[in-house]
Each structure stands twice: as C-alpha cells, then as structure tokens.
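K.L.:
My file is run_35.cif. It has mmCIF, C-alpha atoms and all ligand atoms:
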data_final
#
loop_
_atom_site.group_PDB
_atom_site.id
_atom_site.type_symbol
_atom_site.label_atom_id
_atom_site.label_comp_id
_atom_site.auth_asym_id
_atom_site.auth_seq_id
_atom_site.Cartn_x
_atom_site.Cartn_y
_atom_site.Cartn_z
ATOM 1 C CA MET A 231 -36.594 -11.724 146.168
ATOM 2 C CA ARG A 232 -34.295 -11.758 143.203
ATOM 3 C CA LYS A 233 -35.709 -15.052 142.187
ATOM 4 C CA SER A 234 -39.280 -13.792 142.273
ATOM 5 C CA VAL A 235 -38.309 -10.698 140.227
ATOM 6 C CA LEU A 236 -36.765 -12.984 137.643
ATOM 7 C CA SER A 237 -39.900 -15.078 137.650
ATOM 8 C CA VAL A 238 -42.044 -12.043 137.005
ATOM 9 C CA CYS A 239 -39.736 -11.042 134.152
ATOM 10 C CA THR A 240 -39.849 -14.528 132.721
ATOM 11 C CA LEU A 241 -43.638 -14.550 132.958
ATOM 12 C CA ALA A 242 -43.837 -11.152 131.276
ATOM 13 C CA LEU A 243 -41.569 -12.323 128.444
ATOM 14 C CA LEU A 244 -43.605 -15.469 128.068
ATOM 15 C CA ALA A 245 -46.853 -13.504 128.001
ATOM 16 C CA GLY A 246 -45.356 -11.106 125.450
ATOM 17 C CA GLY A 247 -44.258 -14.022 123.299
ATOM 18 C CA LEU A 248 -47.677 -15.628 123.448
ATOM 19 C CA TRP A 249 -49.331 -12.339 122.569
ATOM 20 C CA THR A 250 -47.056 -11.950 119.543
ATOM 21 C CA ILE A 251 -47.902 -15.477 118.429
ATOM 22 C CA ALA A 252 -51.616 -14.774 118.926
ATOM 23 C CA VAL A 253 -51.381 -11.626 116.754
ATOM 24 C CA ALA A 254 -49.425 -13.506 114.084
ATOM 25 C CA LEU A 255 -52.061 -16.249 114.047
ATOM 26 C CA GLU A 256 -54.851 -13.694 113.782
ATOM 27 C CA GLY A 257 -52.999 -12.121 110.843
ATOM 28 C CA ALA A 258 -52.581 -15.533 109.239
ATOM 29 C CA GLU A 259 -56.289 -16.247 109.582
ATOM 30 C CA GLU A 260 -57.117 -12.884 108.010
ATOM 31 C CA MET A 261 -54.716 -13.596 105.165
ATOM 32 C CA ALA A 262 -56.283 -17.014 104.562
ATOM 33 C CA THR A 263 -59.755 -15.432 104.410
ATOM 34 C CA LEU A 264 -58.492 -12.669 102.122
ATOM 35 C CA ARG A 265 -56.815 -15.167 99.765
ATOM 36 C CA ALA A 266 -60.017 -17.243 99.614
ATOM 37 C CA ASP A 267 -62.181 -14.160 98.928
ATOM 38 C CA VAL A 268 -59.835 -12.886 96.228
ATOM 39 C CA GLU A 269 -59.670 -16.325 94.631
ATOM 40 C CA ALA A 270 -63.462 -16.512 94.638
ATOM 41 C CA ALA A 271 -63.772 -13.201 92.772
ATOM 42 C CA GLN A 272 -63.731 -14.055 89.091
ATOM 43 C CA GLY A 273 -65.781 -13.385 86.007
ATOM 44 C CA HIS A 274 -65.730 -11.603 82.686
ATOM 45 C CA ASP A 275 -66.335 -7.992 83.622
ATOM 46 C CA GLU A 276 -63.043 -6.345 84.544
ATOM 47 C CA VAL A 277 -64.524 -3.613 86.733
ATOM 48 C CA ASP A 278 -66.734 -6.083 88.631
ATOM 49 C CA VAL A 279 -63.821 -8.409 89.362
ATOM 50 C CA ALA A 280 -61.565 -5.492 90.372
ATOM 51 C CA ARG A 281 -64.226 -4.152 92.722
ATOM 52 C CA ALA A 282 -64.823 -7.553 94.346
ATOM 53 C CA VAL A 283 -61.087 -8.155 94.817
ATOM 54 C CA LEU A 284 -60.462 -4.676 96.233
ATOM 55 C CA SER A 285 -63.518 -4.854 98.506
ATOM 56 C CA ALA A 286 -62.127 -8.034 100.064
ATOM 57 C CA ALA A 287 -58.623 -6.585 100.360
ATOM 58 C CA GLN A 288 -59.803 -3.301 101.929
ATOM 59 C CA ILE A 289 -60.833 -4.958 105.218
ATOM 60 C CA THR A 290 -57.443 -6.578 105.859
ATOM 61 C CA SER A 291 -55.642 -3.529 104.491
ATOM 62 C CA PHE A 292 -57.334 -1.335 107.138
ATOM 63 C CA SER A 293 -56.838 -3.721 110.061
ATOM 64 C CA GLN A 294 -53.145 -4.336 109.284
ATOM 65 C CA ASN A 295 -52.487 -0.821 107.903
ATOM 66 C CA LEU A 296 -50.611 -2.254 104.942
ATOM 67 C CA GLU A 297 -51.091 -2.098 101.196
ATOM 68 C CA PHE A 298 -52.226 -5.253 99.411
ATOM 69 C CA CYS A 299 -51.830 -5.834 95.696
ATOM 70 C CA GLY A 300 -52.014 -8.198 92.760
ATOM 71 C CA TYR A 301 -52.698 -8.409 89.035
ATOM 72 C CA LEU A 302 -55.909 -9.142 87.136
ATOM 73 C CA GLY A 303 -55.626 -11.365 84.112
ATOM 74 C CA PHE A 304 -57.329 -13.983 81.983
ATOM 75 C CA ASP A 305 -56.616 -17.633 82.696
ATOM 76 C CA GLY A 306 -56.530 -20.387 80.055
ATOM 77 C CA ALA A 307 -60.329 -20.727 80.184
ATOM 78 C CA GLY A 308 -60.834 -17.022 79.460
ATOM 79 C CA THR A 309 -61.931 -16.200 82.996
ATOM 80 C CA LEU A 310 -60.675 -13.017 84.585
ATOM 81 C CA ARG A 311 -59.104 -13.583 88.003
ATOM 82 C CA SER A 312 -56.535 -12.157 90.376
ATOM 83 C CA SER A 313 -52.978 -13.347 90.768
ATOM 84 C CA GLN A 314 -51.651 -14.259 94.217
ATOM 85 C CA VAL A 315 -52.372 -11.574 96.840
ATOM 86 C CA VAL A 316 -49.234 -9.796 98.024
ATOM 87 C CA ARG A 317 -48.983 -8.033 101.395
ATOM 88 C CA GLY A 318 -46.867 -4.905 100.953
ATOM 89 C CA MET A 319 -45.732 -2.059 103.189
ATOM 90 C CA VAL A 320 -47.678 0.900 104.572
ATOM 91 C CA ASP A 321 -47.154 2.937 101.382
ATOM 92 C CA GLU A 322 -46.036 0.504 98.684
ATOM 93 C CA CYS A 323 -46.729 -2.940 97.319
ATOM 94 C CA SER A 324 -45.069 -4.910 94.520
ATOM 95 C CA PRO A 325 -47.274 -7.617 92.992
ATOM 96 C CA LEU A 326 -45.777 -10.825 91.607
ATOM 97 C CA TRP A 327 -46.191 -11.206 87.834
ATOM 98 C CA PRO A 328 -48.226 -14.391 87.195
ATOM 99 C CA ASP A 329 -47.051 -16.769 84.448
ATOM 100 C CA ASP A 330 -50.477 -18.413 84.185
ATOM 101 C CA LEU A 331 -52.516 -15.254 83.451
ATOM 102 C CA GLU A 332 -52.709 -12.872 80.525
ATOM 103 C CA VAL A 333 -52.440 -9.715 82.619
ATOM 104 C CA VAL A 334 -54.656 -6.717 81.854
ATOM 105 C CA ALA A 335 -54.412 -4.627 85.020
ATOM 106 C CA SER A 336 -52.866 -4.271 88.457
ATOM 107 C CA TRP A 337 -54.818 -3.649 91.655
ATOM 108 C CA HIS A 338 -53.803 -2.302 95.046
ATOM 109 C CA THR A 339 -55.157 -0.785 98.236
ATOM 110 C CA HIS A 340 -53.838 2.306 100.025
ATOM 111 C CA ALA A 341 -53.760 0.863 103.582
ATOM 112 C CA ALA A 342 -55.613 2.515 106.501
ATOM 113 C CA TYR A 343 -56.475 6.184 106.991
ATOM 114 C CA ASP A 344 -53.486 8.275 108.124
ATOM 115 C CA THR A 345 -53.847 12.009 108.788
ATOM 116 C CA GLY A 346 -50.310 12.606 107.504
ATOM 117 C CA ALA A 347 -50.638 10.650 104.262
ATOM 118 C CA TRP A 348 -52.159 11.588 100.896
ATOM 119 C CA SER A 349 -54.011 8.422 100.063
ATOM 120 C CA GLU A 350 -57.243 9.330 98.295
ATOM 121 C CA VAL A 351 -55.889 9.588 94.753
ATOM 122 C CA PRO A 352 -53.638 7.206 92.784
ATOM 123 C CA THR A 353 -50.076 8.524 92.691
ATOM 124 C CA VAL A 354 -47.758 9.466 89.854
ATOM 125 C CA ILE A 355 -45.785 6.319 90.694
ATOM 126 C CA ASP A 356 -48.991 4.255 90.455
ATOM 127 C CA ILE A 357 -49.787 5.375 86.912
ATOM 128 C CA GLU A 358 -46.144 5.233 85.788
ATOM 129 C CA ALA A 359 -45.779 1.654 87.089
ATOM 130 C CA ASP A 360 -48.863 0.525 85.146
ATOM 131 C CA GLU A 361 -47.728 2.366 82.020
ATOM 132 C CA ASP A 362 -44.286 0.710 82.213
ATOM 133 C CA GLU A 363 -45.942 -2.708 82.276
ATOM 134 C CA GLY A 364 -48.390 -1.852 79.500
ATOM 135 C CA ILE A 365 -51.462 -2.447 81.653
ATOM 136 C CA ASP A 366 -54.184 -0.445 83.414
ATOM 137 C CA GLY A 367 -54.818 -0.399 87.159
ATOM 138 C CA TYR A 368 -57.415 -0.260 89.927
ATOM 139 C CA VAL A 369 -56.925 1.404 93.306
ATOM 140 C CA ALA A 370 -59.089 1.550 96.456
ATOM 141 C CA THR A 371 -58.483 4.208 99.108
ATOM 142 C CA PRO A 372 -59.122 4.452 102.887
ATOM 143 C CA GLY A 373 -61.994 6.823 102.095
ATOM 144 C CA GLY A 374 -63.626 4.127 99.961
ATOM 145 C CA ARG A 375 -62.872 5.622 96.565
ATOM 146 C CA PHE A 376 -62.516 3.191 93.671
ATOM 147 C CA TRP A 377 -60.203 4.396 90.887
ATOM 148 C CA PHE A 378 -59.395 3.263 87.373
ATOM 149 C CA VAL A 379 -55.858 3.996 86.214
ATOM 150 C CA ASP A 380 -56.123 4.371 82.431
ATOM 151 C CA THR A 381 -52.699 4.226 80.808
ATOM 152 C CA GLU A 382 -54.068 4.707 77.289
ATOM 153 C CA THR A 383 -55.371 8.177 78.053
ATOM 154 C CA MET A 384 -52.876 8.619 80.956
ATOM 155 C CA GLU A 385 -55.477 9.698 83.470
ATOM 156 C CA VAL A 386 -57.075 8.317 86.632
ATOM 157 C CA VAL A 387 -60.849 8.249 86.951
ATOM 158 C CA GLN A 388 -63.043 7.652 90.011
ATOM 159 C CA LEU A 389 -65.412 4.806 89.222
ATOM 160 C CA CYS A 390 -67.106 5.146 92.632
ATOM 161 C CA ASP A 391 -67.133 8.026 95.064
ATOM 162 C CA ARG A 392 -66.513 7.605 98.814
ATOM 163 C CA GLY A 393 -67.962 4.348 100.077
ATOM 164 C CA ALA A 394 -70.301 3.910 97.127
ATOM 165 C CA CYS A 395 -68.878 0.536 96.131
ATOM 166 C CA VAL A 396 -65.861 -0.415 98.274
ATOM 167 C CA PRO A 397 -65.497 -0.347 102.100
ATOM 168 C CA VAL A 398 -64.411 2.818 103.942
ATOM 169 C CA ASP A 399 -61.952 2.802 106.882
ATOM 170 C CA ALA A 400 -63.973 3.693 110.011
ATOM 171 C CA ALA A 401 -61.197 6.129 110.998
ATOM 172 C CA TYR A 402 -61.406 8.052 107.710
ATOM 173 C CA VAL A 403 -62.002 11.804 108.078
ATOM 174 C CA ALA A 404 -63.945 13.152 105.110
ATOM 175 C CA GLY A 405 -62.443 16.213 103.459
ATOM 176 C CA SER A 406 -59.017 15.784 105.072
ATOM 177 C CA GLU A 407 -57.296 16.046 101.678
ATOM 178 C CA GLY A 408 -59.437 18.900 100.444
ATOM 179 C CA ASP A 409 -61.267 18.550 97.147
ATOM 180 C CA VAL A 410 -60.766 15.269 95.379
ATOM 181 C CA TRP A 411 -61.604 15.563 91.694
ATOM 182 C CA GLN A 412 -63.534 13.083 89.632
ATOM 183 C CA SER A 413 -60.467 12.519 87.443
ATOM 184 C CA TYR A 414 -56.872 13.675 87.022
ATOM 185 C CA THR A 415 -54.676 13.718 83.963
ATOM 186 C CA TYR A 416 -51.055 12.684 84.367
ATOM 187 C CA GLN A 417 -50.041 16.353 84.434
ATOM 188 C CA GLU A 418 -52.687 17.136 87.063
ATOM 189 C CA LEU A 419 -51.341 14.310 89.225
ATOM 190 C CA LEU A 420 -47.852 15.782 88.918
ATOM 191 C CA ASP A 421 -49.214 19.234 89.887
ATOM 192 C CA ARG A 422 -51.214 17.794 92.829
ATOM 193 C CA GLU A 423 -48.178 16.018 94.238
ATOM 194 C CA ALA A 424 -45.935 19.038 93.743
ATOM 195 C CA ALA A 425 -48.377 21.072 95.875
ATOM 196 C CA GLN A 426 -48.375 18.568 98.795
HETATM 197 ZN ZN ZN B 1 -51.057 3.666 95.087
#
Represent the structure from my file as structure tokens, please.

P.N.:
Amino acid sequence: MRKSVLSVCTLALLAGGLWTIAVALEGAEEMATLRADVEAAQGHDEVDVARAVLSAAQITSFSQNLEFCGYLGFDGAGTLRSSQVVRGMVDECSPLWPDDLEVVASWHTHAAYDTGAWSEVPTVIDIEADEDEGIDGYVATPGGRFWFVDTETMEVVQLCDRGACVPVDAAYVAGSEGDVWQSYTYQELLDREAAQ
C-alpha cells in the first residue's frame, strides 16, 4: 500500500516535472519566434519599425504576462533596427544598451491586461528613463494603444488608438481606466498617477 502511494507520488512529481519542461519549451519557442520577428523588423522610418517590433512583442507579452523591451537604433549601414529583445517582469523591463547601434529610442510593452493595473498610458518612470538616456520611446499597451514618448517636448502622444495598429489583449476591458487622453504632458502624467 505504502509502496503504491509512493509510486503515485513519484508519478505525480514526474508528470509535474514534464509539464514544467513542456511549458519552458513552449516559452522558448515563443521567444525564438519573437526574436526572429523583431530582428526582421527594420527600415528607415522610426515609427514603422517601432510599430512592427511592438506588434511582434505584444503577442508574447500577453501570453506570458511579462513586459518585453529593447532599443531602436541605427546600425553601421544606416538601417534602423532593434537591439536584443529583453524579457522583463510583469511591470518593468530594463533593456540592454547595444554597442553596435546608434540608439534613438527605447521600446517596451505593458504585459497582459490586469484589472488592478494602470497600463494604458506610459508612466512617469517611462518618460523619465528615456529623458535620462537622451532618447525618445515607444510603448504598446494591453488595450492596443501605441504611444510615442517625446522627451524633447516632455509629453506622451498616442500614435494609434485602441487596436488601430498594434494587437489588443483578448482579455482587455475597454474603459476600465476611464478616459485615456490623446496626449499627456509630463505634469499631466504626474497628476494622473497621483490620482490613482
Ligand atoms: Zn511602461
């Protein structure tokens, strides 16, 4: 009896281990696809490249509920491309500065839809991080908003409204954060976050 109980436990552990490995492999496959898609997105128009990179990253960002990030910069041939894709945490991501690109902007996703999170607008930290590095930024949200973080004017501007040009998380509930403006100045971002 004891032996058979142990066997069941052993089988359960084994099954659990195999399941974990299967999930890890699925994640690895997704990451490989994401890296290939991001690498393929290149060109000369900054907004086009940012949108293509973020569109690819959105899918994996939703399924894994993690932020993904990188930098956009010009390579030696003058082509705009993304640096290595970094998988971050649920609410933060720190890209790796590329030595082989002349960086112009950062990009990151805001993971999957979460009723308790404020994800539809770039944060004060987002714009401050870009300003510190002397670059601009691009952000995609669970609701499918595509934002430009302009550190010259210190404001964030929606380049595309919900789902108009980047994928939307299927779980996203429209209107859950109230009104989302077309743009926010740095001060308006501070005020918005203070009211949360
Ligand atoms: Zn952000």

K.L.:
Around (-60.1, 5.4, 111.2), as given in the file, which residues come within 10 Å? Count all atoms listed in the file and list them as a tab-separated table (two decimals) with C-alpha atoms, in the frame of the given file.

P.N.:
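Saved result, point-v8.tsv, follows:
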chain	number	residue	atom	x	y	z
A	292	PHE	CA	-57.33	-1.34	107.14
A	293	SER	CA	-56.84	-3.72	110.06
A	342	ALA	CA	-55.61	2.52	106.50
A	343	TYR	CA	-56.48	6.18	106.99
A	344	ASP	CA	-53.49	8.28	108.12
A	345	THR	CA	-53.85	12.01	108.79
A	372	PRO	CA	-59.12	4.45	102.89
A	373	GLY	CA	-61.99	6.82	102.10
A	398	VAL	CA	-64.41	2.82	103.94
A	399	ASP	CA	-61.95	2.80	106.88
A	400	ALA	CA	-63.97	3.69	110.01
A	401	ALA	CA	-61.20	6.13	111.00
A	402	TYR	CA	-61.41	8.05	107.71
A	403	VAL	CA	-62.00	11.80	108.08

K.L.:
Do you know which residues the PyMOL selection byres (((not hetatm)) within 7 of (chain B and resi 1)) returns on this file, as an NGL selection string?

P.N.:
:A and (322 or 338-340 or 352-353 or 356 or 369)

K.L.:
Since I can't run it myself right now, could you work out what the PyMOL selection byres (((chain A and resi 309) around 7) and not hetatm) selects here and report it as a PyMOL selection string?

P.N.:
chain A and resi 272-274+304-305+307-308+310-311

K.L.:
In the coordinates of the file, take the point (-43.7, -8.8, 94.0) and a cut-off of 12 Å; then, counting all atoms listed in the file, name each qualifying protein, DNA or RNA residue as JSON, numbers by chain.

P.N.:
{"A": [298, 299, 300, 301, 313, 314, 315, 316, 317, 318, 319, 322, 323, 324, 325, 326, 327, 328, 336]}

K.L.:
Any chance you can output those residues with C-alpha atoms as a PDB file, in the frame of the given file?

P.N.:
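Writing the result to again.pdb gives the following:
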ATOM      1  CA  PHE A 298     -52.226  -5.253  99.411  1.00  0.00           C
ATOM      2  CA  CYS A 299     -51.830  -5.834  95.696  1.00  0.00           C
ATOM      3  CA  GLY A 300     -52.014  -8.198  92.760  1.00  0.00           C
ATOM      4  CA  TYR A 301     -52.698  -8.409  89.035  1.00  0.00           C
ATOM      5  CA  SER A 313     -52.978 -13.347  90.768  1.00  0.00           C
ATOM      6  CA  GLN A 314     -51.651 -14.259  94.217  1.00  0.00           C
ATOM      7  CA  VAL A 315     -52.372 -11.574  96.840  1.00  0.00           C
ATOM      8  CA  VAL A 316     -49.234  -9.796  98.024  1.00  0.00           C
ATOM      9  CA  ARG A 317     -48.983  -8.033 101.395  1.00  0.00           C
ATOM     10  CA  GLY A 318     -46.867  -4.905 100.953  1.00  0.00           C
ATOM     11  CA  MET A 319     -45.732  -2.059 103.189  1.00  0.00           C
ATOM     12  CA  GLU A 322     -46.036   0.504  98.684  1.00  0.00           C
ATOM     13  CA  CYS A 323     -46.729  -2.940  97.319  1.00  0.00           C
ATOM     14  CA  SER A 324     -45.069  -4.910  94.520  1.00  0.00           C
ATOM     15  CA  PRO A 325     -47.274  -7.617  92.992  1.00  0.00           C
ATOM     16  CA  LEU A 326     -45.777 -10.825  91.607  1.00  0.00           C
ATOM     17  CA  TRP A 327     -46.191 -11.206  87.834  1.00  0.00           C
ATOM     18  CA  PRO A 328     -48.226 -14.391  87.195  1.00  0.00           C
ATOM     19  CA  SER A 336     -52.866  -4.271  88.457  1.00  0.00           C
TER      20      SER A 336
END

K.L.:
Just the number, please: distance in Å from CA of Glu269 (chain A) to CA of Glu382 (chain A), one decimal.

P.N.:
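Computed distance, CA of Glu269 (chain A) to CA of Glu382 (chain A), equals 27.8 Å.
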
K.L.:
Report, in Å with one decimal, the straight-line distance from CA of Asp321 (chain A) to CA of Glu407 (chain A).

P.N.:
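Separation of CA of Asp321 (chain A) and CA of Glu407 (chain A): 16.6 Å.
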
K.L.:
Check what the PyMOL selection byres (((chain A and resi 266) around 12) and not hetatm) selects in the file above and give those residues as an mmCIF file with C-alpha atoms, in the coordinates of the input.

P.N.:
data_model
loop_
_atom_site.group_PDB
_atom_site.id
_atom_site.type_symbol
_atom_site.label_atom_id
_atom_site.label_comp_id
_atom_site.auth_asym_id
_atom_site.auth_seq_id
_atom_site.Cartn_x
_atom_site.Cartn_y
_atom_site.Cartn_z
ATOM 1 C CA GLU A 259 -56.289 -16.247 109.582
ATOM 2 C CA GLU A 260 -57.117 -12.884 108.010
ATOM 3 C CA MET A 261 -54.716 -13.596 105.165
ATOM 4 C CA ALA A 262 -56.283 -17.014 104.562
ATOM 5 C CA THR A 263 -59.755 -15.432 104.410
ATOM 6 C CA LEU A 264 -58.492 -12.669 102.122
ATOM 7 C CA ARG A 265 -56.815 -15.167 99.765
ATOM 8 C CA ASP A 267 -62.181 -14.160 98.928
ATOM 9 C CA VAL A 268 -59.835 -12.886 96.228
ATOM 10 C CA GLU A 269 -59.670 -16.325 94.631
ATOM 11 C CA ALA A 270 -63.462 -16.512 94.638
ATOM 12 C CA ALA A 271 -63.772 -13.201 92.772
ATOM 13 C CA GLN A 272 -63.731 -14.055 89.091
ATOM 14 C CA VAL A 283 -61.087 -8.155 94.817
ATOM 15 C CA ALA A 286 -62.127 -8.034 100.064
ATOM 16 C CA ALA A 287 -58.623 -6.585 100.360
ATOM 17 C CA SER A 312 -56.535 -12.157 90.376
ATOM 18 C CA SER A 313 -52.978 -13.347 90.768
ATOM 19 C CA GLN A 314 -51.651 -14.259 94.217
ATOM 20 C CA VAL A 315 -52.372 -11.574 96.840
#

K.L.:
Counting all atoms listed in the file, which residue out of A:Val277, A:Val354, A:Val320, A:Val387 sits closest to Ala335 (chain A)?

P.N.:
A:Val277

K.L.:
Excluding Arg392 (chain A) and its own-chain neighbours fewer than 4 positions away, which residues fall within 10 Å of it when counting all atoms listed in the file? Please give them as an MDAnalysis selection string.

P.N.:
chainID A and resid 350 370:376 388 396:398 404

K.L.:
Using all atoms listed in the file, pick whichever of A:Ile365, A:Ile289, A:Leu302, A:Leu420 has the shortest atom-to-atom distance to Val351 (chain A).

P.N.:
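Looking at the shortest contact to Val351 (chain A), the residue is A:Leu420.
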
K.L.:
Box for region 406-423 of chain A - axis-aligned, 4 Å on each of the six sides, all listed atoms - centre and size in Å to one decimal, as AutoDock Vina command-line options.

P.N.:
--center_x -55.7 --center_y 15.9 --center_z 94.5 --size_x 23.7 --size_y 14.7 --size_z 29.1

K.L.:
Figure out the distance between CA of Ala282 (chain A) and CA of Trp348 (chain A), please, to one decimal in Å.

P.N.:
23.9 Å

K.L.:
Find, counting only C-alpha atoms, the residue in A:Met384, A:Ser413, A:Ser406, A:Asp329 that gets nearest to Gly346 (chain A).

P.N.:
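Among A:Met384, A:Ser413, A:Ser406, A:Asp329, it is A:Ser406 that comes nearest to Gly346 (chain A).
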
K.L.:
In terms of the shortest atom-to-atom distance over only C-alpha atoms, which of A:Glu363, A:Asp409, A:Glu423, A:Tyr368 is closest to Val279 (chain A)?

P.N.:
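Going through A:Glu363, A:Asp409, A:Glu423, A:Tyr368 one by one, the smallest distance to Val279 (chain A) is for A:Tyr368.
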
K.L.:
Restricting the calculation to only C-alpha atoms, which member of A:Thr415, A:Ala394, A:Gly408, A:Leu389 is positioned closest to Ile357 (chain A)?

P.N.:
A:Thr415

K.L.:
Take region 320-399 of chain A from the block and save it with C-alpha atoms, as a PDB file, in the first residue's frame.

P.N.:
ATOM      1  CA  VAL A 320       5.148  41.949 -15.041  1.00  0.00           C
ATOM      2  CA  ASP A 321       5.564  45.715 -14.542  1.00  0.00           C
ATOM      3  CA  GLU A 322       9.136  46.574 -15.516  1.00  0.00           C
ATOM      4  CA  CYS A 323      11.771  45.823 -18.106  1.00  0.00           C
ATOM      5  CA  SER A 324      15.371  47.006 -18.438  1.00  0.00           C
ATOM      6  CA  PRO A 325      16.748  46.847 -21.987  1.00  0.00           C
ATOM      7  CA  LEU A 326      20.432  46.173 -22.641  1.00  0.00           C
ATOM      8  CA  TRP A 327      22.270  49.114 -24.230  1.00  0.00           C
ATOM      9  CA  PRO A 328      23.644  47.946 -27.612  1.00  0.00           C
ATOM     10  CA  ASP A 329      27.232  48.875 -28.528  1.00  0.00           C
ATOM     11  CA  ASP A 330      26.606  48.292 -32.240  1.00  0.00           C
ATOM     12  CA  LEU A 331      23.672  50.718 -32.660  1.00  0.00           C
ATOM     13  CA  GLU A 332      23.331  54.479 -32.523  1.00  0.00           C
ATOM     14  CA  VAL A 333      20.312  54.478 -30.219  1.00  0.00           C
ATOM     15  CA  VAL A 334      17.406  56.847 -30.872  1.00  0.00           C
ATOM     16  CA  ALA A 335      14.593  55.364 -28.789  1.00  0.00           C
ATOM     17  CA  SER A 336      13.554  52.654 -26.360  1.00  0.00           C
ATOM     18  CA  TRP A 337      10.527  50.400 -26.795  1.00  0.00           C
ATOM     19  CA  HIS A 338       8.539  48.294 -24.355  1.00  0.00           C
ATOM     20  CA  THR A 339       5.230  46.525 -23.871  1.00  0.00           C
ATOM     21  CA  HIS A 340       2.979  46.707 -20.807  1.00  0.00           C
ATOM     22  CA  ALA A 341       2.310  42.947 -20.419  1.00  0.00           C
ATOM     23  CA  ALA A 342      -1.235  41.494 -20.364  1.00  0.00           C
ATOM     24  CA  TYR A 343      -4.459  43.147 -19.215  1.00  0.00           C
ATOM     25  CA  ASP A 344      -4.794  43.268 -15.413  1.00  0.00           C
ATOM     26  CA  THR A 345      -7.871  44.797 -13.765  1.00  0.00           C
ATOM     27  CA  GLY A 346      -5.726  46.082 -10.892  1.00  0.00           C
ATOM     28  CA  ALA A 347      -3.015  47.706 -13.003  1.00  0.00           C
ATOM     29  CA  TRP A 348      -2.882  51.073 -14.781  1.00  0.00           C
ATOM     30  CA  SER A 349      -1.330  50.071 -18.056  1.00  0.00           C
ATOM     31  CA  GLU A 350      -2.880  52.148 -20.827  1.00  0.00           C
ATOM     32  CA  VAL A 351      -0.621  55.194 -20.573  1.00  0.00           C
ATOM     33  CA  PRO A 352       3.190  55.439 -20.371  1.00  0.00           C
ATOM     34  CA  THR A 353       4.285  56.134 -16.801  1.00  0.00           C
ATOM     35  CA  VAL A 354       6.266  58.941 -15.220  1.00  0.00           C
ATOM     36  CA  ILE A 355       9.106  56.435 -14.819  1.00  0.00           C
ATOM     37  CA  ASP A 356       8.877  55.592 -18.538  1.00  0.00           C
ATOM     38  CA  ILE A 357       9.366  59.185 -19.674  1.00  0.00           C
ATOM     39  CA  GLU A 358      11.999  59.925 -17.014  1.00  0.00           C
ATOM     40  CA  ALA A 359      14.032  56.848 -18.030  1.00  0.00           C
ATOM     41  CA  ASP A 360      14.044  57.937 -21.688  1.00  0.00           C
ATOM     42  CA  GLU A 361      14.898  61.520 -20.753  1.00  0.00           C
ATOM     43  CA  ASP A 362      17.830  60.333 -18.604  1.00  0.00           C
ATOM     44  CA  GLU A 363      19.235  58.439 -21.582  1.00  0.00           C
ATOM     45  CA  GLY A 364      18.633  61.300 -24.006  1.00  0.00           C
ATOM     46  CA  ILE A 365      16.326  59.278 -26.246  1.00  0.00           C
ATOM     47  CA  ASP A 366      12.618  59.010 -27.079  1.00  0.00           C
ATOM     48  CA  GLY A 367      10.447  55.941 -26.530  1.00  0.00           C
ATOM     49  CA  TYR A 368       7.604  53.799 -27.854  1.00  0.00           C
ATOM     50  CA  VAL A 369       5.116  51.895 -25.707  1.00  0.00           C
ATOM     51  CA  ALA A 370       2.322  49.425 -26.557  1.00  0.00           C
ATOM     52  CA  THR A 371      -0.436  48.673 -24.049  1.00  0.00           C
ATOM     53  CA  PRO A 372      -2.761  45.686 -23.402  1.00  0.00           C
ATOM     54  CA  GLY A 373      -5.584  47.750 -24.906  1.00  0.00           C
ATOM     55  CA  GLY A 374      -3.610  48.084 -28.143  1.00  0.00           C
ATOM     56  CA  ARG A 375      -2.598  51.713 -27.767  1.00  0.00           C
ATOM     57  CA  PHE A 376       0.648  52.761 -29.432  1.00  0.00           C
ATOM     58  CA  TRP A 377       2.423  55.670 -27.717  1.00  0.00           C
ATOM     59  CA  PHE A 378       5.322  57.939 -28.567  1.00  0.00           C
ATOM     60  CA  VAL A 379       7.314  59.196 -25.593  1.00  0.00           C
ATOM     61  CA  ASP A 380       8.721  62.560 -26.705  1.00  0.00           C
ATOM     62  CA  THR A 381      11.474  63.719 -24.371  1.00  0.00           C
ATOM     63  CA  GLU A 382      12.076  66.956 -26.280  1.00  0.00           C
ATOM     64  CA  THR A 383       8.616  68.286 -25.517  1.00  0.00           C
ATOM     65  CA  MET A 384       8.294  66.036 -22.405  1.00  0.00           C
ATOM     66  CA  GLU A 385       4.924  64.626 -23.360  1.00  0.00           C
ATOM     67  CA  VAL A 386       3.483  61.283 -24.455  1.00  0.00           C
ATOM     68  CA  VAL A 387       1.307  61.100 -27.550  1.00  0.00           C
ATOM     69  CA  GLN A 388      -0.951  58.294 -28.801  1.00  0.00           C
ATOM     70  CA  LEU A 389       0.079  57.449 -32.345  1.00  0.00           C
ATOM     71  CA  CYS A 390      -2.714  54.856 -32.638  1.00  0.00           C
ATOM     72  CA  ASP A 391      -5.866  54.429 -30.615  1.00  0.00           C
ATOM     73  CA  ARG A 392      -7.031  51.058 -29.239  1.00  0.00           C
ATOM     74  CA  GLY A 393      -6.196  48.248 -31.629  1.00  0.00           C
ATOM     75  CA  ALA A 394      -5.768  50.534 -34.621  1.00  0.00           C
ATOM     76  CA  CYS A 395      -2.197  49.447 -35.306  1.00  0.00           C
ATOM     77  CA  VAL A 396      -0.915  47.041 -32.629  1.00  0.00           C
ATOM     78  CA  PRO A 397      -2.590  43.885 -31.213  1.00  0.00           C
ATOM     79  CA  VAL A 398      -5.046  44.072 -28.294  1.00  0.00           C
ATOM     80  CA  ASP A 399      -5.092  41.539 -25.417  1.00  0.00           C
TER      81      ASP A 399
END
